[in-house]
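Single-structure report; data block below.
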Amino acid sequence: MARSAKGQEDRAQRRQGKWLAGYRAAGRAIRARVRGFTLIELMIVVTVVAILSMIALPMFQTQMRQSRRADAKTALLDLAAREERYYTLNNQYTNVLATLGYPAGPSVNLGSGVTPDYQLSVVSAAINANNVWAFSLQAVPQGDQVNDTCGTYTLDNFGNQLPALGTDGRACW
(Lines give C-alpha, C1' and ligand atoms only; values in the text may rest on other atoms or scores of the structure.)
Protein backbone atom coordinates (compact mmCIF):
# COMPACT_ATOMS: atom_id res chain seq x y z
CA MET A 1 0.00 0.00 0.00
CA ALA A 2 2.80 2.41 0.77
CA ARG A 3 4.38 1.51 -2.48
CA SER A 4 1.26 2.30 -4.49
CA ALA A 5 0.78 5.69 -2.76
CA LYS A 6 4.40 6.54 -3.41
CA GLY A 7 4.03 5.49 -7.04
CA GLN A 8 1.01 7.70 -7.51
CA GLU A 9 2.89 10.60 -5.94
CA ASP A 10 5.87 10.03 -8.27
CA ARG A 11 3.60 9.91 -11.30
CA ALA A 12 1.86 13.16 -10.24
CA GLN A 13 5.21 14.91 -9.82
CA ARG A 14 6.35 13.72 -13.26
CA ARG A 15 3.12 14.95 -14.85
CA GLN A 16 3.51 18.30 -13.14
CA GLY A 17 7.11 18.58 -14.30
CA LYS A 18 6.11 17.85 -17.90
CA TRP A 19 3.35 20.41 -17.70
CA LEU A 20 5.69 23.08 -16.34
CA ALA A 21 8.28 22.29 -18.98
CA GLY A 22 5.65 22.57 -21.70
CA TYR A 23 4.37 25.84 -20.26
CA ARG A 24 7.89 27.27 -20.14
CA ALA A 25 8.56 26.25 -23.73
CA ALA A 26 5.31 27.82 -24.92
CA GLY A 27 6.16 31.05 -23.07
CA ARG A 28 9.57 31.22 -24.75
CA ALA A 29 7.98 30.66 -28.16
CA ILE A 30 5.47 33.46 -27.61
CA ARG A 31 8.16 35.85 -26.38
CA ALA A 32 10.33 34.99 -29.37
CA ARG A 33 7.53 35.87 -31.82
CA VAL A 34 6.23 39.08 -30.16
CA ARG A 35 9.04 41.55 -29.76
CA GLY A 36 7.35 44.83 -30.78
CA PHE A 37 8.36 47.36 -33.40
CA THR A 38 11.86 48.42 -34.23
CA LEU A 39 12.78 52.07 -34.30
CA ILE A 40 13.23 51.94 -38.09
CA GLU A 41 9.71 50.58 -38.59
CA LEU A 42 8.28 53.25 -36.35
CA MET A 43 10.17 56.03 -38.19
CA ILE A 44 8.94 54.75 -41.56
CA VAL A 45 5.33 54.88 -40.34
CA VAL A 46 5.81 58.40 -38.95
CA THR A 47 7.34 59.54 -42.26
CA VAL A 48 4.48 58.09 -44.32
CA VAL A 49 1.88 59.75 -42.06
CA ALA A 50 3.72 63.09 -42.30
CA ILE A 51 3.84 62.93 -46.10
CA LEU A 52 0.15 62.05 -46.33
CA SER A 53 -0.81 64.90 -44.01
CA MET A 54 1.33 67.35 -46.02
CA ILE A 55 -0.71 66.43 -49.10
CA ALA A 56 -4.13 66.07 -47.48
CA LEU A 57 -4.26 69.20 -45.31
CA PRO A 58 -3.82 71.79 -48.11
CA MET A 59 -6.34 69.92 -50.27
CA PHE A 60 -8.83 69.91 -47.39
CA GLN A 61 -8.34 73.64 -46.79
CA THR A 62 -8.85 74.37 -50.51
CA GLN A 63 -12.08 72.39 -50.54
CA MET A 64 -13.32 74.19 -47.42
CA ARG A 65 -12.57 77.59 -48.99
CA GLN A 66 -14.46 76.59 -52.13
CA SER A 67 -17.46 75.50 -50.08
CA ARG A 68 -17.45 78.79 -48.14
CA ARG A 69 -17.11 80.62 -51.46
CA ALA A 70 -20.29 78.90 -52.67
CA ASP A 71 -22.07 80.00 -49.47
CA ALA A 72 -21.02 83.62 -50.10
CA LYS A 73 -22.24 83.54 -53.70
CA THR A 74 -25.57 82.06 -52.60
CA ALA A 75 -25.94 84.73 -49.91
CA LEU A 76 -25.18 87.50 -52.43
CA LEU A 77 -27.78 86.15 -54.84
CA ASP A 78 -30.31 85.94 -52.00
CA LEU A 79 -29.55 89.52 -50.99
CA ALA A 80 -29.97 90.64 -54.62
CA ALA A 81 -33.35 88.88 -54.81
CA ARG A 82 -34.43 90.66 -51.61
CA GLU A 83 -33.30 94.01 -53.08
CA GLU A 84 -35.35 93.35 -56.23
CA ARG A 85 -38.37 92.39 -54.12
CA TYR A 86 -37.95 95.61 -52.12
CA TYR A 87 -37.66 97.61 -55.38
CA THR A 88 -40.88 96.05 -56.67
CA LEU A 89 -42.78 97.25 -53.60
CA ASN A 90 -41.06 100.64 -52.99
CA ASN A 91 -39.76 101.70 -56.41
CA GLN A 92 -36.24 102.13 -55.01
CA TYR A 93 -33.41 100.04 -53.56
CA THR A 94 -32.23 100.25 -49.95
CA ASN A 95 -28.91 100.33 -48.09
CA VAL A 96 -30.53 99.15 -44.86
CA LEU A 97 -30.17 95.39 -44.41
CA ALA A 98 -32.82 95.32 -41.68
CA THR A 99 -35.50 96.31 -44.22
CA LEU A 100 -34.47 93.28 -46.28
CA GLY A 101 -34.95 90.84 -43.40
CA TYR A 102 -31.38 90.72 -42.12
CA PRO A 103 -30.19 91.71 -38.63
CA ALA A 104 -29.74 95.43 -38.08
CA GLY A 105 -26.30 96.80 -38.86
CA PRO A 106 -24.14 97.83 -41.80
CA SER A 107 -23.16 94.24 -42.68
CA VAL A 108 -24.01 90.59 -42.07
CA ASN A 109 -21.42 87.99 -41.13
CA LEU A 110 -21.55 84.64 -42.90
CA GLY A 111 -20.11 81.53 -41.29
CA SER A 112 -20.60 79.43 -38.22
CA GLY A 113 -17.14 79.73 -36.65
CA VAL A 114 -15.76 82.26 -34.19
CA THR A 115 -14.40 84.29 -37.09
CA PRO A 116 -16.91 84.91 -39.90
CA ASP A 117 -16.05 83.64 -43.38
CA TYR A 118 -17.53 86.58 -45.31
CA GLN A 119 -19.02 89.95 -44.48
CA LEU A 120 -22.06 90.72 -46.61
CA SER A 121 -23.04 94.35 -47.25
CA VAL A 122 -24.89 96.72 -49.56
CA VAL A 123 -22.20 99.03 -50.93
CA SER A 124 -24.57 101.40 -52.66
CA ALA A 125 -28.25 101.70 -53.45
CA ALA A 126 -28.94 104.97 -55.17
CA ILE A 127 -29.72 106.64 -58.48
CA ASN A 128 -26.72 106.17 -60.79
CA ALA A 129 -25.31 108.47 -63.51
CA ASN A 130 -27.98 107.32 -65.99
CA ASN A 131 -30.69 108.46 -63.57
CA VAL A 132 -31.66 104.84 -62.83
CA TRP A 133 -31.86 103.15 -59.44
CA ALA A 134 -29.00 100.71 -58.93
CA PHE A 135 -27.40 98.67 -56.17
CA SER A 136 -24.06 97.04 -55.58
CA LEU A 137 -23.50 94.21 -53.10
CA GLN A 138 -20.26 92.84 -51.67
CA ALA A 139 -19.08 89.73 -49.85
CA VAL A 140 -15.72 90.56 -48.29
CA PRO A 141 -13.66 87.57 -47.13
CA GLN A 142 -12.78 87.33 -43.43
CA GLY A 143 -10.51 85.03 -41.40
CA ASP A 144 -8.99 82.12 -43.34
CA GLN A 145 -11.12 83.00 -46.36
CA VAL A 146 -8.77 85.97 -46.99
CA ASN A 147 -6.39 83.37 -48.50
CA ASP A 148 -8.97 82.47 -51.15
CA THR A 149 -7.94 83.21 -54.73
CA CYS A 150 -11.20 84.99 -55.63
CA GLY A 151 -11.11 87.67 -52.95
CA THR A 152 -14.10 90.03 -52.63
CA TYR A 153 -17.27 89.15 -54.51
CA THR A 154 -19.37 91.92 -56.01
CA LEU A 155 -22.85 91.71 -57.55
CA ASP A 156 -24.94 94.54 -58.97
CA ASN A 157 -28.55 94.97 -60.10
CA PHE A 158 -27.59 94.20 -63.72
CA GLY A 159 -26.27 90.79 -62.70
CA ASN A 160 -22.61 91.70 -63.18
CA GLN A 161 -20.53 89.35 -61.05
CA LEU A 162 -16.95 90.16 -60.13
CA PRO A 163 -14.32 88.82 -60.04
CA ALA A 164 -14.78 86.59 -63.06
CA LEU A 165 -11.42 84.85 -62.50
CA GLY A 166 -9.36 84.30 -59.39
CA THR A 167 -5.64 84.94 -59.05
CA ASP A 168 -5.06 81.30 -60.05
CA GLY A 169 -6.99 81.73 -63.33
CA ARG A 170 -9.96 79.63 -62.23
CA ALA A 171 -13.53 80.84 -62.58
CA CYS A 172 -14.92 82.38 -59.42
CA TRP A 173 -18.59 82.56 -60.33
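Numbering starts fresh at 1 for the residues of each chain in the C-alpha coordinates, the chains themselves are lettered A, B, ... in the order given, and ligands are numbered from 1 as they appear.
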
| Can you tell me, as a PyMOL selection string, what residues are no more than 12 Å from Thr99 in chain A when counting only C-alpha atoms, ignoring any on the same chain fewer than 4 positions away? | chain A and resi 79+82-83+85-87+89-90+93-95+103-106+122

How would the residues just picked look written out with N, CA and C atoms as an mmCIF file, in the first residue's frame?
data_model
loop_
_atom_site.group_PDB
_atom_site.id
_atom_site.type_symbol
_atom_site.label_atom_id
_atom_site.label_comp_id
_atom_site.auth_asym_id
_atom_site.auth_seq_id
_atom_site.Cartn_x
_atom_site.Cartn_y
_atom_site.Cartn_z
ATOM 1 N N LEU A 79 -29.449 88.103 -51.311
ATOM 2 C CA LEU A 79 -29.554 89.525 -50.991
ATOM 3 C C LEU A 79 -30.019 90.318 -52.214
ATOM 4 N N ARG A 82 -33.701 89.863 -52.591
ATOM 5 C CA ARG A 82 -34.432 90.661 -51.606
ATOM 6 C C ARG A 82 -34.456 92.133 -52.006
ATOM 7 N N GLU A 83 -33.340 92.617 -52.576
ATOM 8 C CA GLU A 83 -33.300 94.007 -53.079
ATOM 9 C C GLU A 83 -34.331 94.192 -54.205
ATOM 10 N N ARG A 85 -37.045 92.469 -54.720
ATOM 11 C CA ARG A 85 -38.368 92.391 -54.115
ATOM 12 C C ARG A 85 -38.718 93.729 -53.460
ATOM 13 N N TYR A 86 -37.740 94.315 -52.765
ATOM 14 C CA TYR A 86 -37.945 95.613 -52.124
ATOM 15 C C TYR A 86 -38.220 96.688 -53.187
ATOM 16 N N TYR A 87 -37.481 96.641 -54.290
ATOM 17 C CA TYR A 87 -37.662 97.606 -55.381
ATOM 18 C C TYR A 87 -39.066 97.494 -55.989
ATOM 19 N N LEU A 89 -41.785 96.682 -54.502
ATOM 20 C CA LEU A 89 -42.782 97.251 -53.599
ATOM 21 C C LEU A 89 -42.603 98.749 -53.358
ATOM 22 N N ASN A 90 -41.346 99.253 -53.396
ATOM 23 C CA ASN A 90 -41.063 100.640 -52.993
ATOM 24 C C ASN A 90 -40.509 101.518 -54.112
ATOM 25 N N TYR A 93 -34.201 101.017 -54.301
ATOM 26 C CA TYR A 93 -33.410 100.037 -53.556
ATOM 27 C C TYR A 93 -33.077 100.611 -52.196
ATOM 28 N N THR A 94 -32.556 99.786 -51.292
ATOM 29 C CA THR A 94 -32.230 100.249 -49.950
ATOM 30 C C THR A 94 -30.821 99.818 -49.545
ATOM 31 N N ASN A 95 -30.205 100.662 -48.697
ATOM 32 C CA ASN A 95 -28.907 100.329 -48.090
ATOM 33 C C ASN A 95 -29.074 99.628 -46.752
ATOM 34 N N PRO A 103 -30.366 90.991 -39.900
ATOM 35 C CA PRO A 103 -30.194 91.713 -38.629
ATOM 36 C C PRO A 103 -29.743 93.150 -38.871
ATOM 37 N N ALA A 104 -30.108 94.023 -37.952
ATOM 38 C CA ALA A 104 -29.745 95.433 -38.078
ATOM 39 C C ALA A 104 -28.234 95.595 -38.031
ATOM 40 N N GLY A 105 -27.729 96.524 -38.826
ATOM 41 C CA GLY A 105 -26.297 96.803 -38.863
ATOM 42 C C GLY A 105 -25.848 97.034 -40.290
ATOM 43 N N PRO A 106 -24.632 97.512 -40.459
ATOM 44 C CA PRO A 106 -24.140 97.827 -41.800
ATOM 45 C C PRO A 106 -23.771 96.587 -42.617
ATOM 46 N N VAL A 122 -24.409 95.952 -48.406
ATOM 47 C CA VAL A 122 -24.891 96.722 -49.559
ATOM 48 C C VAL A 122 -23.952 97.919 -49.672
#

| range 135-146 of chain A environment, 10 Å, only C-alpha atoms, sequence neighbours closer than 3 positions dropped, as a PyMOL selection string | chain A and resi 61-62+64-66+68-69+72-73+75-77+79-80+83-84+92-95+107-111+113-128+149-162

| Length of the CA of Met59 in chain A to CA of Arg170 in chain A vector [Å] |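 A separation of 15.8 Å between them.
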
| CA of Trp173 in chain A to CA of Asp148 in chain A: how many Å, to one decimal? |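 We find that CA of Trp173 in chain A and CA of Asp148 in chain A lie 13.3 Å from each other.
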